[in-house]
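Undergrad: Provided herewith: work_6.cif, mmCIF, C-alpha atoms.
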```
data_final
#
loop_
_atom_site.group_PDB
_atom_site.id
_atom_site.type_symbol
_atom_site.label_atom_id
_atom_site.label_comp_id
_atom_site.auth_asym_id
_atom_site.auth_seq_id
_atom_site.Cartn_x
_atom_site.Cartn_y
_atom_site.Cartn_z
ATOM 1 C CA MET G 1162 0.000 0.000 0.000
ATOM 2 C CA LYS G 1163 2.833 2.383 0.945
ATOM 3 C CA GLN G 1164 4.472 1.685 -2.418
ATOM 4 C CA ILE G 1165 1.304 2.693 -4.287
ATOM 5 C CA PHE G 1166 1.214 6.035 -2.431
ATOM 6 C CA PHE G 1167 4.901 6.551 -3.195
ATOM 7 C CA VAL G 1168 4.352 5.927 -6.921
ATOM 8 C CA LEU G 1169 1.326 8.270 -6.873
ATOM 9 C CA PHE G 1170 3.419 10.923 -5.117
ATOM 10 C CA LEU G 1171 6.177 10.606 -7.735
ATOM 11 C CA LEU G 1172 3.609 10.875 -10.546
ATOM 12 C CA MET G 1173 2.071 14.006 -9.013
ATOM 13 C CA ALA G 1174 5.486 15.566 -8.407
ATOM 14 C CA SER G 1175 6.579 14.894 -11.992
ATOM 15 C CA GLN G 1176 3.265 16.375 -13.213
ATOM 16 C CA ILE G 1177 3.855 19.573 -11.223
ATOM 17 C CA TYR G 1178 7.444 19.716 -12.483
ATOM 18 C CA ALA G 1179 6.270 19.245 -16.080
ATOM 19 C CA GLN G 1180 3.709 22.055 -15.637
ATOM 20 C CA ASP G 1181 6.320 24.416 -14.197
ATOM 21 C CA SER G 1182 8.993 23.554 -16.734
ATOM 22 C CA ASN G 1183 6.537 24.311 -19.560
ATOM 23 C CA ARG G 1184 6.176 27.867 -18.340
ATOM 24 C CA MET G 1185 7.207 30.772 -20.542
ATOM 25 C CA HIS G 1186 9.071 33.633 -18.842
ATOM 26 C CA ARG G 1187 9.399 36.750 -20.948
ATOM 27 C CA ILE G 1188 10.635 40.271 -20.377
ATOM 28 C CA ALA G 1189 9.201 43.154 -22.413
ATOM 29 C CA LYS G 1190 11.093 46.465 -22.461
ATOM 30 C CA ILE G 1191 8.876 49.316 -23.615
ATOM 31 C CA LYS G 1192 9.686 52.973 -24.252
ATOM 32 C CA VAL G 1193 6.557 55.121 -24.052
ATOM 33 C CA ASP G 1194 5.841 58.584 -25.446
ATOM 34 C CA ALA G 1195 6.127 60.865 -22.372
ATOM 35 C CA LYS G 1196 3.067 62.914 -23.364
ATOM 36 C CA GLN G 1197 0.873 59.802 -23.378
ATOM 37 C CA LEU G 1198 2.374 57.986 -20.393
ATOM 38 C CA ASP G 1199 -0.639 58.148 -18.063
ATOM 39 C CA VAL G 1200 -3.063 56.927 -20.730
ATOM 40 C CA TYR G 1201 -0.618 54.174 -21.695
ATOM 41 C CA LYS G 1202 -0.302 52.972 -18.085
ATOM 42 C CA SER G 1203 -4.051 52.859 -17.646
ATOM 43 C CA LEU G 1204 -4.465 50.786 -20.868
ATOM 44 C CA LEU G 1205 -1.653 48.445 -19.747
ATOM 45 C CA ASN G 1206 -3.312 47.965 -16.356
ATOM 46 C CA GLU G 1207 -6.634 47.163 -18.010
ATOM 47 C CA GLN G 1208 -5.056 44.621 -20.385
ATOM 48 C CA MET G 1209 -3.099 42.900 -17.607
ATOM 49 C CA ASN G 1210 -5.950 42.647 -15.140
ATOM 50 C CA THR G 1211 -8.334 41.341 -17.812
ATOM 51 C CA ALA G 1212 -5.842 38.717 -19.025
ATOM 52 C CA ILE G 1213 -5.160 37.489 -15.476
ATOM 53 C CA LYS G 1214 -8.900 37.321 -14.787
ATOM 54 C CA VAL G 1215 -10.147 35.571 -17.929
ATOM 55 C CA GLU G 1216 -7.183 33.564 -19.290
ATOM 56 C CA PRO G 1217 -6.201 30.425 -17.359
ATOM 57 C CA GLY G 1218 -2.750 30.402 -18.995
ATOM 58 C CA VAL G 1219 -1.752 33.972 -18.085
ATOM 59 C CA LEU G 1220 -0.111 33.545 -14.660
ATOM 60 C CA SER G 1221 1.662 36.749 -13.658
ATOM 61 C CA TYR G 1222 2.574 40.268 -14.788
ATOM 62 C CA THR G 1223 5.010 42.559 -13.006
ATOM 63 C CA ALA G 1224 5.319 45.951 -14.687
ATOM 64 C CA VAL G 1225 7.786 48.502 -13.324
ATOM 65 C CA ALA G 1226 9.279 51.794 -14.501
ATOM 66 C CA ASP G 1227 12.863 52.979 -14.173
ATOM 67 C CA LYS G 1228 12.990 55.541 -11.323
ATOM 68 C CA LYS G 1229 15.397 57.605 -13.458
ATOM 69 C CA ASP G 1230 13.102 57.527 -16.511
ATOM 70 C CA ALA G 1231 9.392 56.886 -15.967
ATOM 71 C CA THR G 1232 8.878 56.291 -19.713
ATOM 72 C CA SER G 1233 11.102 53.161 -19.597
ATOM 73 C CA ILE G 1234 8.809 50.322 -18.613
ATOM 74 C CA ILE G 1235 9.924 46.760 -17.977
ATOM 75 C CA ILE G 1236 7.366 43.966 -17.789
ATOM 76 C CA PHE G 1237 8.094 40.514 -16.461
ATOM 77 C CA GLU G 1238 5.507 38.083 -17.836
ATOM 78 C CA VAL G 1239 4.799 34.441 -16.930
ATOM 79 C CA TYR G 1240 2.571 32.199 -19.057
ATOM 80 C CA ALA G 1241 1.669 28.563 -18.352
ATOM 81 C CA SER G 1242 3.138 27.551 -21.742
ATOM 82 C CA VAL G 1243 4.073 28.890 -25.175
ATOM 83 C CA GLU G 1244 0.604 27.812 -26.335
ATOM 84 C CA ALA G 1245 -0.999 29.915 -23.571
ATOM 85 C CA TYR G 1246 0.973 32.932 -24.811
ATOM 86 C CA GLN G 1247 0.029 32.272 -28.437
ATOM 87 C CA SER G 1248 -3.618 32.065 -27.430
ATOM 88 C CA HIS G 1249 -3.261 35.260 -25.332
ATOM 89 C CA ILE G 1250 -2.144 37.425 -28.274
ATOM 90 C CA LEU G 1251 -5.283 36.436 -30.194
ATOM 91 C CA THR G 1252 -7.719 37.554 -27.451
ATOM 92 C CA PRO G 1253 -9.972 40.610 -27.999
ATOM 93 C CA HIS G 1254 -8.557 42.422 -24.912
ATOM 94 C CA PHE G 1255 -4.947 42.014 -26.072
ATOM 95 C CA LYS G 1256 -5.777 43.107 -29.648
ATOM 96 C CA LYS G 1257 -7.687 46.117 -28.267
ATOM 97 C CA TYR G 1258 -4.653 47.082 -26.129
ATOM 98 C CA LYS G 1259 -2.177 46.655 -29.012
ATOM 99 C CA ASP G 1260 -4.306 48.810 -31.271
ATOM 100 C CA ALA G 1261 -4.929 51.505 -28.645
ATOM 101 C CA VAL G 1262 -1.211 51.901 -27.734
ATOM 102 C CA LYS G 1263 0.336 51.650 -31.210
ATOM 103 C CA ASP G 1264 1.107 55.402 -31.354
ATOM 104 C CA MET G 1265 2.201 55.563 -27.692
ATOM 105 C CA VAL G 1266 4.909 52.880 -27.788
ATOM 106 C CA LEU G 1267 8.158 54.271 -29.231
ATOM 107 C CA SER G 1268 10.050 50.975 -28.994
ATOM 108 C CA LEU G 1269 9.474 47.418 -27.827
ATOM 109 C CA GLU G 1270 12.073 44.758 -27.077
ATOM 110 C CA LEU G 1271 11.030 41.212 -26.173
ATOM 111 C CA ILE G 1272 13.495 38.965 -24.328
ATOM 112 C CA ASP G 1273 12.673 35.283 -23.966
ATOM 113 C CA THR G 1274 14.297 33.858 -20.887
ATOM 114 C CA ASP G 1275 15.108 30.672 -18.988
ATOM 115 C CA VAL G 1276 14.640 30.487 -15.234
ATOM 116 C CA VAL G 1277 17.874 30.532 -13.197
ATOM 117 C CA CYS G 1278 16.319 30.727 -9.717
ATOM 118 C CA LEU G 1279 12.922 31.512 -8.218
ATOM 119 C CA ALA G 1280 12.795 32.145 -4.486
ATOM 120 C CA LYS G 1281 10.058 33.940 -2.577
ATOM 121 C CA LYS G 1282 8.308 34.115 0.766
ATOM 122 C CA GLU G 1283 5.424 31.671 1.060
ATOM 123 C CA ASN G 1284 2.777 34.374 1.417
ATOM 124 C CA PHE G 1285 4.228 36.719 -1.214
ATOM 125 C CA MET H 1310 -20.838 48.695 16.277
ATOM 126 C CA LYS H 1311 -20.799 48.532 12.475
ATOM 127 C CA GLN H 1312 -18.962 51.874 12.394
ATOM 128 C CA ILE H 1313 -16.195 50.524 14.659
ATOM 129 C CA PHE H 1314 -15.658 47.576 12.318
ATOM 130 C CA PHE H 1315 -15.596 49.942 9.343
ATOM 131 C CA VAL H 1316 -12.950 52.148 10.993
ATOM 132 C CA LEU H 1317 -10.919 49.024 11.922
ATOM 133 C CA PHE H 1318 -11.198 47.794 8.321
ATOM 134 C CA LEU H 1319 -9.965 51.161 6.998
ATOM 135 C CA LEU H 1320 -7.049 51.134 9.439
ATOM 136 C CA MET H 1321 -6.049 47.602 8.415
ATOM 137 C CA ALA H 1322 -6.374 48.435 4.709
ATOM 138 C CA SER H 1323 -4.226 51.572 5.093
ATOM 139 C CA GLN H 1324 -1.654 49.506 7.038
ATOM 140 C CA ILE H 1325 -1.450 46.925 4.238
ATOM 141 C CA TYR H 1326 -1.194 49.719 1.660
ATOM 142 C CA ALA H 1327 1.578 51.423 3.648
ATOM 143 C CA GLN H 1328 3.487 48.108 3.878
ATOM 144 C CA ASP H 1329 3.160 47.497 0.124
ATOM 145 C CA SER H 1330 4.010 51.052 -0.863
ATOM 146 C CA ASN H 1331 7.223 50.879 1.218
ATOM 147 C CA ARG H 1332 8.465 47.987 -0.881
ATOM 148 C CA MET H 1333 11.623 48.285 -2.922
ATOM 149 C CA HIS H 1334 11.552 46.806 -6.439
ATOM 150 C CA ARG H 1335 14.934 46.527 -8.089
ATOM 151 C CA ILE H 1336 16.280 44.958 -11.259
ATOM 152 C CA ALA H 1337 19.878 43.729 -11.414
ATOM 153 C CA LYS H 1338 21.419 43.029 -14.832
ATOM 154 C CA ILE H 1339 24.484 40.836 -14.542
ATOM 155 C CA LYS H 1340 26.944 39.663 -17.180
ATOM 156 C CA VAL H 1341 28.766 36.521 -16.080
ATOM 157 C CA ASP H 1342 32.049 35.004 -17.285
ATOM 158 C CA ALA H 1343 30.926 32.097 -19.515
ATOM 159 C CA LYS H 1344 33.608 29.758 -18.141
ATOM 160 C CA GLN H 1345 32.302 30.194 -14.583
ATOM 161 C CA LEU H 1346 28.565 30.312 -15.319
ATOM 162 C CA ASP H 1347 27.546 27.071 -13.589
ATOM 163 C CA VAL H 1348 29.461 27.911 -10.401
ATOM 164 C CA TYR H 1349 28.025 31.440 -10.452
ATOM 165 C CA LYS H 1350 24.452 30.152 -10.767
ATOM 166 C CA SER H 1351 24.915 27.759 -7.888
ATOM 167 C CA LEU H 1352 26.290 30.568 -5.642
ATOM 168 C CA LEU H 1353 23.406 32.842 -6.685
ATOM 169 C CA ASN H 1354 20.871 30.121 -5.844
ATOM 170 C CA GLU H 1355 22.450 29.601 -2.427
ATOM 171 C CA GLN H 1356 22.444 33.338 -1.644
ATOM 172 C CA MET H 1357 18.824 33.805 -2.739
ATOM 173 C CA ASN H 1358 17.425 30.808 -0.905
ATOM 174 C CA THR H 1359 19.285 31.710 2.303
ATOM 175 C CA ALA H 1360 18.111 35.343 2.180
ATOM 176 C CA ILE H 1361 14.472 34.324 1.600
ATOM 177 C CA LYS H 1362 14.709 31.815 4.457
ATOM 178 C CA VAL H 1363 16.404 33.911 7.130
ATOM 179 C CA GLU H 1364 15.621 37.573 6.328
ATOM 180 C CA PRO H 1365 12.041 38.737 6.995
ATOM 181 C CA GLY H 1366 12.481 41.745 4.679
ATOM 182 C CA VAL H 1367 13.654 39.820 1.598
ATOM 183 C CA LEU H 1368 10.378 38.985 -0.159
ATOM 184 C CA SER H 1369 11.058 37.673 -3.644
ATOM 185 C CA TYR H 1370 13.788 36.928 -6.201
ATOM 186 C CA THR H 1371 13.190 36.025 -9.829
ATOM 187 C CA ALA H 1372 16.402 35.331 -11.720
ATOM 188 C CA VAL H 1373 16.270 34.553 -15.427
ATOM 189 C CA ALA H 1374 18.780 34.302 -18.285
ATOM 190 C CA ASP H 1375 18.386 35.563 -21.836
ATOM 191 C CA LYS H 1376 17.643 32.539 -24.075
ATOM 192 C CA LYS H 1377 19.958 34.063 -26.708
ATOM 193 C CA ASP H 1378 22.818 34.566 -24.211
ATOM 194 C CA ALA H 1379 22.866 32.427 -21.068
ATOM 195 C CA THR H 1380 25.546 34.668 -19.515
ATOM 196 C CA SER H 1381 23.118 37.630 -19.410
ATOM 197 C CA ILE H 1382 21.217 37.278 -16.162
ATOM 198 C CA ILE H 1383 18.367 39.521 -15.057
ATOM 199 C CA ILE H 1384 17.181 39.450 -11.457
ATOM 200 C CA PHE H 1385 13.961 41.006 -10.263
ATOM 201 C CA GLU H 1386 14.194 41.653 -6.523
ATOM 202 C CA VAL H 1387 11.518 42.717 -4.021
ATOM 203 C CA TYR H 1388 12.374 43.911 -0.489
ATOM 204 C CA ALA H 1389 9.901 44.975 2.211
ATOM 205 C CA SER H 1390 11.598 48.398 2.400
ATOM 206 C CA VAL H 1391 14.821 50.239 1.614
ATOM 207 C CA GLU H 1392 15.900 49.486 5.210
ATOM 208 C CA ALA H 1393 15.370 45.753 4.602
ATOM 209 C CA TYR H 1394 17.635 45.977 1.559
ATOM 210 C CA GLN H 1395 20.292 47.932 3.468
ATOM 211 C CA SER H 1396 20.233 45.302 6.198
ATOM 212 C CA HIS H 1397 20.400 42.512 3.573
ATOM 213 C CA ILE H 1398 23.689 43.700 2.063
ATOM 214 C CA LEU H 1399 25.318 43.541 5.507
ATOM 215 C CA THR H 1400 24.407 39.885 6.133
ATOM 216 C CA PRO H 1401 27.141 37.185 6.180
ATOM 217 C CA HIS H 1402 25.486 35.175 3.364
ATOM 218 C CA PHE H 1403 25.317 38.216 1.049
ATOM 219 C CA LYS H 1404 28.911 39.235 1.809
ATOM 220 C CA LYS H 1405 30.038 35.631 1.214
ATOM 221 C CA TYR H 1406 28.244 35.607 -2.180
ATOM 222 C CA LYS H 1407 29.674 39.013 -3.231
ATOM 223 C CA ASP H 1408 33.175 37.913 -2.352
ATOM 224 C CA ALA H 1409 32.868 34.502 -4.038
ATOM 225 C CA VAL H 1410 31.537 35.921 -7.341
ATOM 226 C CA LYS H 1411 33.737 39.005 -7.647
ATOM 227 C CA ASP H 1412 35.868 37.476 -10.434
ATOM 228 C CA MET H 1413 32.856 35.868 -12.167
ATOM 229 C CA VAL H 1414 30.731 39.007 -12.661
ATOM 230 C CA LEU H 1415 31.933 40.978 -15.702
ATOM 231 C CA SER H 1416 29.378 43.774 -15.280
ATOM 232 C CA LEU H 1417 26.526 44.721 -12.967
ATOM 233 C CA GLU H 1418 23.769 47.273 -13.588
ATOM 234 C CA LEU H 1419 21.238 48.082 -10.867
ATOM 235 C CA ILE H 1420 17.920 49.682 -11.849
ATOM 236 C CA ASP H 1421 15.675 51.022 -9.116
ATOM 237 C CA THR H 1422 12.066 50.958 -10.199
ATOM 238 C CA ASP H 1423 8.535 52.070 -9.345
ATOM 239 C CA VAL H 1424 5.617 49.674 -9.698
ATOM 240 C CA VAL H 1425 3.318 50.333 -12.659
ATOM 241 C CA CYS H 1426 1.093 47.261 -12.330
ATOM 242 C CA LEU H 1427 1.180 43.951 -10.482
ATOM 243 C CA ALA H 1428 -1.327 41.318 -11.554
ATOM 244 C CA LYS H 1429 -1.129 37.590 -10.899
ATOM 245 C CA LYS H 1430 -3.213 34.490 -10.378
ATOM 246 C CA GLU H 1431 -4.204 33.982 -6.735
ATOM 247 C CA ASN H 1432 -2.294 30.708 -6.357
ATOM 248 C CA PHE H 1433 0.779 31.827 -8.319
#
```
I need this file expressed as structure tokens, please.
TA:
Amino acid sequence: MKQIFFVLFLLMASQIYAQDSNRMHRIAKIKVDAKQLDVYKSLLNEQMNTAIKVEPGVLSYTAVADKKDATSIIIFEVYASVEAYQSHILTPHFKKYKDAVKDMVLSLELIDTDVVCLAKKENF
Amino acid sequence: MKQIFFVLFLLMASQIYAQDSNRMHRIAKIKVDAKQLDVYKSLLNEQMNTAIKVEPGVLSYTAVADKKDATSIIIFEVYASVEAYQSHILTPHFKKYKDAVKDMVLSLELIDTDVVCLAKKENF
């Protein structure tokens, strides 16, 4: 009986590992037109909160701005998989955002990344 | 009675807001000597996990590497406050890490940031 539980535990653990290792971690570096910064930030907020709410595969967004240059925005994005990301960019809310900000974004750099280390407090 | 609960709720909410708004969000961009990359990553992992475990004010580390250049590491760091960060860099584990990696790190850029938007799944 103990052996069955052990095998089940291993299966579950490998499942969780497979889920996590499928994740897509991307960084987006965005330069925004200073005159339209407030509107841009509000559209970004709307897009992010909608995606997190309605898309199971959109896991986390962290958007920050350089203290020395508020128009330099860096977004750290986590998707459940590449497929989840590909599905995300076809959603109405993402297309609406992309269209609305097209004249506000001066440059966009996308950096696909591999995880080196994730460490955080349990309740963070 | 209801009013007392409402005032207590407001006080708690403002406390949580004050805690969150004190947080320090920093990005570190590190270029590592390719020949020492594996050793560097293991020292980084050790430092991060120790800090998260023993320091109440170290909240979260996310370290990733550019898929196009594994020696380009980007770390997103969250501390409870500037004071928590200042205390962190005086700890034995941080000093040990800094000393051990000094000939592995080819360049280091620190970017202090302001939060634009945080959105994530509840269980993320």
Undergrad: Skipping near chain neighbours, those fewer than 6 positions away, what residues fall within 9 Å of range 1336-1339 of chain H using only C-alpha atoms, listed as an NGL selection string?
TA: :H and (1380-1387 or 1414-1422)
Undergrad: For the residues in that selection, give me C-alpha atoms as a short mmCIF file (atom, residue, chain, number, x, y, z; two decimals), in the frame of the given file.
TA:
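Done, and the output landed in part_33.cif:
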```
data_model
loop_
_atom_site.label_atom_id
_atom_site.label_comp_id
_atom_site.auth_asym_id
_atom_site.auth_seq_id
_atom_site.Cartn_x
_atom_site.Cartn_y
_atom_site.Cartn_z
CA THR H 1380 25.55 34.67 -19.52
CA SER H 1381 23.12 37.63 -19.41
CA ILE H 1382 21.22 37.28 -16.16
CA ILE H 1383 18.37 39.52 -15.06
CA ILE H 1384 17.18 39.45 -11.46
CA PHE H 1385 13.96 41.01 -10.26
CA GLU H 1386 14.19 41.65 -6.52
CA VAL H 1387 11.52 42.72 -4.02
CA VAL H 1414 30.73 39.01 -12.66
CA LEU H 1415 31.93 40.98 -15.70
CA SER H 1416 29.38 43.77 -15.28
CA LEU H 1417 26.53 44.72 -12.97
CA GLU H 1418 23.77 47.27 -13.59
CA LEU H 1419 21.24 48.08 -10.87
CA ILE H 1420 17.92 49.68 -11.85
CA ASP H 1421 15.68 51.02 -9.12
CA THR H 1422 12.07 50.96 -10.20
#
```
Undergrad: Enumerate, in order of chain and increasing residue number, the residues of chain G with an atom no farther than 9 Å from chain H, each with its shortest atom pair and distance in Å to one decimal, counting all atoms listed in the file, as a tab-separated table.
TA:
```
residue	atom	partner	partner_atom	distance
G:His1186	CA	H:Val1373	CA	8.0
G:Lys1202	CA	H:Val1425	CA	7.0
G:Leu1205	CA	H:Cys1426	CA	8.0
G:Asn1206	CA	H:Cys1426	CA	6.0
G:Met1209	CA	H:Ala1428	CA	6.5
G:Asn1210	CA	H:Ala1428	CA	6.0
G:Ile1213	CA	H:Lys1429	CA	6.1
G:Lys1214	CA	H:Lys1430	CA	7.7
G:Pro1217	CA	H:Lys1430	CA	8.6
G:Val1219	CA	H:Lys1430	CA	7.9
G:Leu1220	CA	H:Lys1430	CA	5.4
G:Ser1221	CA	H:Lys1429	CA	4.0
G:Tyr1222	CA	H:Ala1428	CA	5.2
G:Thr1223	CA	H:Leu1427	CA	4.8
G:Ala1224	CA	H:Cys1426	CA	5.0
G:Val1225	CA	H:Val1424	CA	4.4
G:Ala1226	CA	H:Thr1422	CA	5.2
G:Asp1227	CA	H:Thr1422	CA	4.5
G:Lys1228	CA	H:Thr1422	CA	4.8
G:Lys1229	CA	H:Asp1421	CA	7.9
G:Ala1231	CA	H:Asp1423	CA	8.2
G:Ile1234	CA	H:Val1425	CA	8.1
G:Ile1236	CA	H:Cys1426	CA	8.9
G:Phe1237	CA	H:Phe1385	CA	8.5
G:Ile1272	CA	H:Asp1375	CA	6.5
G:Asp1273	CA	H:Lys1376	CA	5.7
G:Thr1274	CA	H:Asp1375	CA	4.5
G:Asp1275	CA	H:Ala1374	CA	5.2
G:Val1276	CA	H:Val1373	CA	4.4
G:Val1277	CA	H:Val1373	CA	4.9
G:Cys1278	CA	H:Ala1372	CA	5.0
G:Leu1279	CA	H:Thr1371	CA	4.8
G:Ala1280	CA	H:Tyr1370	CA	5.2
G:Lys1281	CA	H:Ser1369	CA	4.0
G:Lys1282	CA	H:Leu1368	CA	5.4
G:Glu1283	CA	H:Leu1368	CA	8.9
G:Phe1285	CA	H:Leu1368	CA	6.6
```
Undergrad: Extract, using all atoms listed in the file, all DNA, RNA and protein residues at most 7 Å from range 1261-1265 of chain G, discarding same-chain residues fewer than 4 positions from it, and format them as an mmCIF file with C-alpha atoms, keeping the file's coordinate frame.
TA:
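Resulting contents of result_31.cif:
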```cif
data_model
loop_
_atom_site.group_PDB
_atom_site.id
_atom_site.type_symbol
_atom_site.label_atom_id
_atom_site.label_comp_id
_atom_site.auth_asym_id
_atom_site.auth_seq_id
_atom_site.Cartn_x
_atom_site.Cartn_y
_atom_site.Cartn_z
ATOM 1 C CA VAL G 1193 6.557 55.121 -24.052
ATOM 2 C CA ASP G 1194 5.841 58.584 -25.446
ATOM 3 C CA GLN G 1197 0.873 59.802 -23.378
ATOM 4 C CA TYR G 1201 -0.618 54.174 -21.695
ATOM 5 C CA LYS G 1257 -7.687 46.117 -28.267
#
```
Undergrad: Take CA of Tyr1258 in chain G and CA of Ser1330 in chain H and report the distance between them in Å, one decimal.
TA: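 Between CA of Tyr1258 in chain G and CA of Ser1330 in chain H the gap is 27.0 Å.
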Undergrad: Matching every Cα in sequence order between the two identical chains, what are the coordinates of chain H once fitted onto chain G? Write them as a CSV table (one decimal) with C-alpha atoms, in the coordinates of the input.
TA:
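Output below, filename superposed_19.csv:
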```csv
chain,number,residue,atom,x,y,z
H,1310,MET,CA,0.0,0.1,0.1
H,1311,LYS,CA,2.9,2.5,1.0
H,1312,GLN,CA,4.5,1.7,-2.3
H,1313,ILE,CA,1.3,2.8,-4.2
H,1314,PHE,CA,1.2,6.1,-2.3
H,1315,PHE,CA,4.9,6.6,-3.1
H,1316,VAL,CA,4.3,6.0,-6.9
H,1317,LEU,CA,1.3,8.3,-6.8
H,1318,PHE,CA,3.4,11.0,-5.1
H,1319,LEU,CA,6.2,10.6,-7.7
H,1320,LEU,CA,3.6,10.9,-10.5
H,1321,MET,CA,2.1,14.0,-9.0
H,1322,ALA,CA,5.5,15.6,-8.4
H,1323,SER,CA,6.6,14.9,-12.0
H,1324,GLN,CA,3.2,16.4,-13.2
H,1325,ILE,CA,3.9,19.6,-11.2
H,1326,TYR,CA,7.4,19.7,-12.5
H,1327,ALA,CA,6.3,19.2,-16.1
H,1328,GLN,CA,3.7,22.1,-15.7
H,1329,ASP,CA,6.3,24.4,-14.2
H,1330,SER,CA,9.0,23.5,-16.8
H,1331,ASN,CA,6.5,24.3,-19.6
H,1332,ARG,CA,6.2,27.9,-18.4
H,1333,MET,CA,7.2,30.8,-20.6
H,1334,HIS,CA,9.1,33.6,-18.9
H,1335,ARG,CA,9.4,36.7,-21.0
H,1336,ILE,CA,10.6,40.3,-20.4
H,1337,ALA,CA,9.2,43.2,-22.4
H,1338,LYS,CA,11.1,46.5,-22.5
H,1339,ILE,CA,8.9,49.3,-23.6
H,1340,LYS,CA,9.7,53.0,-24.2
H,1341,VAL,CA,6.6,55.1,-24.0
H,1342,ASP,CA,5.8,58.6,-25.4
H,1343,ALA,CA,6.1,60.9,-22.3
H,1344,LYS,CA,3.1,62.9,-23.3
H,1345,GLN,CA,0.9,59.8,-23.3
H,1346,LEU,CA,2.4,58.0,-20.4
H,1347,ASP,CA,-0.6,58.1,-18.0
H,1348,VAL,CA,-3.1,56.9,-20.7
H,1349,TYR,CA,-0.6,54.2,-21.7
H,1350,LYS,CA,-0.3,53.0,-18.1
H,1351,SER,CA,-4.1,52.8,-17.6
H,1352,LEU,CA,-4.5,50.8,-20.9
H,1353,LEU,CA,-1.7,48.4,-19.7
H,1354,ASN,CA,-3.3,48.0,-16.3
H,1355,GLU,CA,-6.6,47.1,-18.0
H,1356,GLN,CA,-5.1,44.6,-20.4
H,1357,MET,CA,-3.1,42.9,-17.6
H,1358,ASN,CA,-6.0,42.6,-15.2
H,1359,THR,CA,-8.3,41.3,-17.8
H,1360,ALA,CA,-5.9,38.7,-19.0
H,1361,ILE,CA,-5.2,37.5,-15.5
H,1362,LYS,CA,-8.9,37.3,-14.8
H,1363,VAL,CA,-10.1,35.6,-18.0
H,1364,GLU,CA,-7.2,33.6,-19.3
H,1365,PRO,CA,-6.2,30.4,-17.4
H,1366,GLY,CA,-2.7,30.4,-19.0
H,1367,VAL,CA,-1.7,34.0,-18.1
H,1368,LEU,CA,-0.1,33.5,-14.7
H,1369,SER,CA,1.7,36.7,-13.7
H,1370,TYR,CA,2.6,40.2,-14.8
H,1371,THR,CA,5.0,42.5,-13.0
H,1372,ALA,CA,5.3,45.9,-14.7
H,1373,VAL,CA,7.8,48.5,-13.3
H,1374,ALA,CA,9.3,51.8,-14.5
H,1375,ASP,CA,12.9,53.0,-14.2
H,1376,LYS,CA,13.0,55.5,-11.3
H,1377,LYS,CA,15.4,57.6,-13.4
H,1378,ASP,CA,13.1,57.5,-16.5
H,1379,ALA,CA,9.4,56.9,-15.9
H,1380,THR,CA,8.9,56.3,-19.7
H,1381,SER,CA,11.1,53.2,-19.6
H,1382,ILE,CA,8.8,50.3,-18.6
H,1383,ILE,CA,9.9,46.7,-18.0
H,1384,ILE,CA,7.4,44.0,-17.8
H,1385,PHE,CA,8.1,40.5,-16.5
H,1386,GLU,CA,5.5,38.1,-17.9
H,1387,VAL,CA,4.8,34.4,-17.0
H,1388,TYR,CA,2.6,32.2,-19.1
H,1389,ALA,CA,1.7,28.5,-18.4
H,1390,SER,CA,3.1,27.5,-21.8
H,1391,VAL,CA,4.1,28.9,-25.2
H,1392,GLU,CA,0.6,27.8,-26.4
H,1393,ALA,CA,-1.0,29.9,-23.6
H,1394,TYR,CA,1.0,32.9,-24.8
H,1395,GLN,CA,0.0,32.3,-28.5
H,1396,SER,CA,-3.6,32.1,-27.5
H,1397,HIS,CA,-3.3,35.3,-25.4
H,1398,ILE,CA,-2.1,37.4,-28.3
H,1399,LEU,CA,-5.3,36.5,-30.2
H,1400,THR,CA,-7.7,37.6,-27.5
H,1401,PRO,CA,-10.0,40.6,-28.0
H,1402,HIS,CA,-8.6,42.4,-24.9
H,1403,PHE,CA,-4.9,42.0,-26.1
H,1404,LYS,CA,-5.8,43.1,-29.6
H,1405,LYS,CA,-7.7,46.1,-28.3
H,1406,TYR,CA,-4.6,47.1,-26.1
H,1407,LYS,CA,-2.2,46.7,-29.0
H,1408,ASP,CA,-4.3,48.8,-31.3
H,1409,ALA,CA,-4.9,51.5,-28.6
H,1410,VAL,CA,-1.2,51.9,-27.7
H,1411,LYS,CA,0.3,51.7,-31.2
H,1412,ASP,CA,1.1,55.4,-31.3
H,1413,MET,CA,2.2,55.6,-27.7
H,1414,VAL,CA,4.9,52.9,-27.8
H,1415,LEU,CA,8.1,54.3,-29.2
H,1416,SER,CA,10.1,51.0,-29.0
H,1417,LEU,CA,9.5,47.4,-27.8
H,1418,GLU,CA,12.1,44.8,-27.1
H,1419,LEU,CA,11.0,41.2,-26.2
H,1420,ILE,CA,13.5,39.0,-24.3
H,1421,ASP,CA,12.7,35.3,-24.0
H,1422,THR,CA,14.3,33.9,-20.9
H,1423,ASP,CA,15.1,30.7,-19.0
H,1424,VAL,CA,14.7,30.5,-15.3
H,1425,VAL,CA,17.9,30.5,-13.2
H,1426,CYS,CA,16.3,30.7,-9.8
H,1427,LEU,CA,12.9,31.5,-8.3
H,1428,ALA,CA,12.8,32.1,-4.5
H,1429,LYS,CA,10.1,33.9,-2.6
H,1430,LYS,CA,8.3,34.1,0.7
H,1431,GLU,CA,5.4,31.6,1.0
H,1432,ASN,CA,2.8,34.3,1.4
H,1433,PHE,CA,4.2,36.7,-1.2
```
Undergrad: State, in Å with one decimal place, the distance from CA of Leu1251 in chain G to CA of Asp1199 in chain G.
TA: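 Here the two named atoms are 25.3 Å from each other.
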Undergrad: Can you measure CA of Phe1403 in chain H to CA of Asp1329 in chain H for me? One decimal in Å is fine.
TA: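 So the two atoms, CA of Phe1403 in chain H and CA of Asp1329 in chain H, lie 24.0 Å apart.
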Undergrad: Tell me which residues the PyMOL selection byres ((chain H and resi 1391) around 10) grabs here, as a PyMOL selection string.
TA: chain H and resi 1331-1334+1366+1387-1390+1392-1397
